[in-house]
Amino acid sequence: MPESPQPQDTRRRRAFEKEALPHMQDLYFAALRLSRNAKDAEDLVQETYLKAFRSFGRWRAGTNFRAWIWRILVNTWVDVCRKRARGPKSADLEGQGMEPEARQEAPSLLENPGALDACVGDDVLRALHALPAPQRLVLLLADVEEFRYRDIARILGIPMGTVMSRLHHARQKMRELLWDYARRQGYGGEKKEAR
Amino acid sequence: MNCVEIRRAADALIDGELSGAGKLRVEEHLKYCAQCRQWVDSARRTRDTVRSRVVKPEPPGRLETRIRRALDAGRPPAQGPRG
């Protein structure tokens, strides 16, 4: 026969749900971007909530719960990737493979900044998925979730300088991809074959 | 600061993460460098495009049910460590 929950367990559970459940939509969106399919995304979010609940006693009221649970999501995803021996390797998550110097911007986009207006939500999602995992994560955190750099550094467990470098490369790559999509849609006088 | 350094700092500028002397140096450079201004504008437009185009779907209703069931089954230890 299952044990009945103690009053302190019930209070803890209520406090956790009050803090955590409002973030479910954001975490699910991120999980979809990381896992790339709904089933894995749901598993990732569920595991994140379970881990967060188990270590809820470590979270201090008044501190940034959102950043705290995001860190758990990211760590859980890294664990899943490692266990399945697919997806990004740990070295990839630490930012290997980044280009050391800023590349030259494609002049066409700089001269046609309005081209980005031609891009729709699906273009942005496709471009996000085309980014290497470390860049995708930092772009999600900075541009979609609007976290401050110091929070991104804490969530990813990397220095601020790495956050800035990664974001720089991610936005540069996004620009190139979105410009390419805009051109495919006929912006700039060039129309390519359907994808 | 040269143009490469300015462009590296452009993201922090548009995100409001630059302050003090660093911010002043970038702003001074942008006054006379049209190409870097174009770069900063492009970075801002890219960020704003991502921000404005992304629509987050509602999670499926079953997800909250799954989470609640998982929490029912995985009650935390009565006194977790604090850190």
# chains A, B, ... in the order shown; residues from 1 in each chain; ligands from 1
>>> interface_residues(of="chain A", to="chain B", cutoff="7 Å", atoms="only C-alpha atoms", output="list in words")
Gln25, Tyr28, Phe29, Glu42, Gln46, Tyr49, Leu50, Phe53, Arg54, Ser55, Gly57, Arg58, Ala102, Leu110, Pro113, Leu116, Val120, Gly121, Val124, Asp143, Val144, His168, Arg171 and Arg175 of chain A
>>> write_last_selection(atoms="C-alpha atoms", output="tab-separated table (two decimals), in the first residue's frame")
chain	number	residue	atom	x	y	z
A	25	GLN	CA	5.82	26.03	-22.68
A	28	TYR	CA	8.98	22.38	-24.32
A	29	PHE	CA	9.84	24.77	-27.15
A	42	GLU	CA	8.29	15.44	-24.04
A	46	GLN	CA	9.44	15.32	-18.09
A	49	TYR	CA	10.88	18.40	-14.13
A	50	LEU	CA	11.58	15.22	-12.24
A	53	PHE	CA	11.75	18.37	-8.22
A	54	ARG	CA	14.27	16.01	-6.68
A	55	SER	CA	16.76	18.81	-6.17
A	57	GLY	CA	15.67	21.78	-1.91
A	58	ARG	CA	18.87	23.20	-3.42
A	102	ALA	CA	34.96	36.70	-37.65
A	110	LEU	CA	24.31	44.03	-45.67
A	113	PRO	CA	18.77	44.39	-44.82
A	116	LEU	CA	15.00	39.48	-43.51
A	120	VAL	CA	8.76	33.58	-41.94
A	121	GLY	CA	8.67	31.60	-38.73
A	124	VAL	CA	13.75	30.87	-38.60
A	143	ASP	CA	17.29	35.77	-28.78
A	144	VAL	CA	14.23	33.71	-27.96
A	168	HIS	CA	28.49	36.20	-32.47
A	171	ARG	CA	23.96	35.28	-35.37
A	175	ARG	CA	22.10	35.92	-41.14
>>> closest_residue(among="A:Leu131, A:Met160, A:Leu140, A:Ala15", to="Trp70 of chain A", atoms="only C-alpha atoms")
A:Leu140
>>> residues_around(residues="Arg33 of chain A", least_positions_apart="5", cutoff="10 Å", atoms="only C-alpha atoms", output="ChimeraX atom specification")
/A:27-28,38,41,125-126,128-129,133,136-137,140
>>> write_last_selection(atoms="C-alpha atoms", output="tab-separated table (two decimals), in the first residue's frame")
chain	number	residue	atom	x	y	z
A	27	LEU	CA	11.03	24.43	-21.87
A	28	TYR	CA	8.98	22.38	-24.32
A	38	ALA	CA	7.92	15.74	-30.12
A	41	ALA	CA	11.04	16.62	-26.39
A	125	LEU	CA	13.12	27.39	-37.16
A	126	ARG	CA	14.86	25.74	-40.11
A	128	LEU	CA	17.92	27.37	-35.95
A	129	HIS	CA	18.05	23.63	-36.60
A	133	ALA	CA	24.14	22.61	-31.13
A	136	ARG	CA	21.63	26.90	-31.38
A	137	LEU	CA	21.48	26.80	-27.61
A	140	LEU	CA	17.75	30.23	-28.12
>>> closest_residue(among="A:Met174, A:Thr162, A:Lys83, A:Ala153", to="Leu139 of chain A", atoms="only C-alpha atoms")
A:Met174
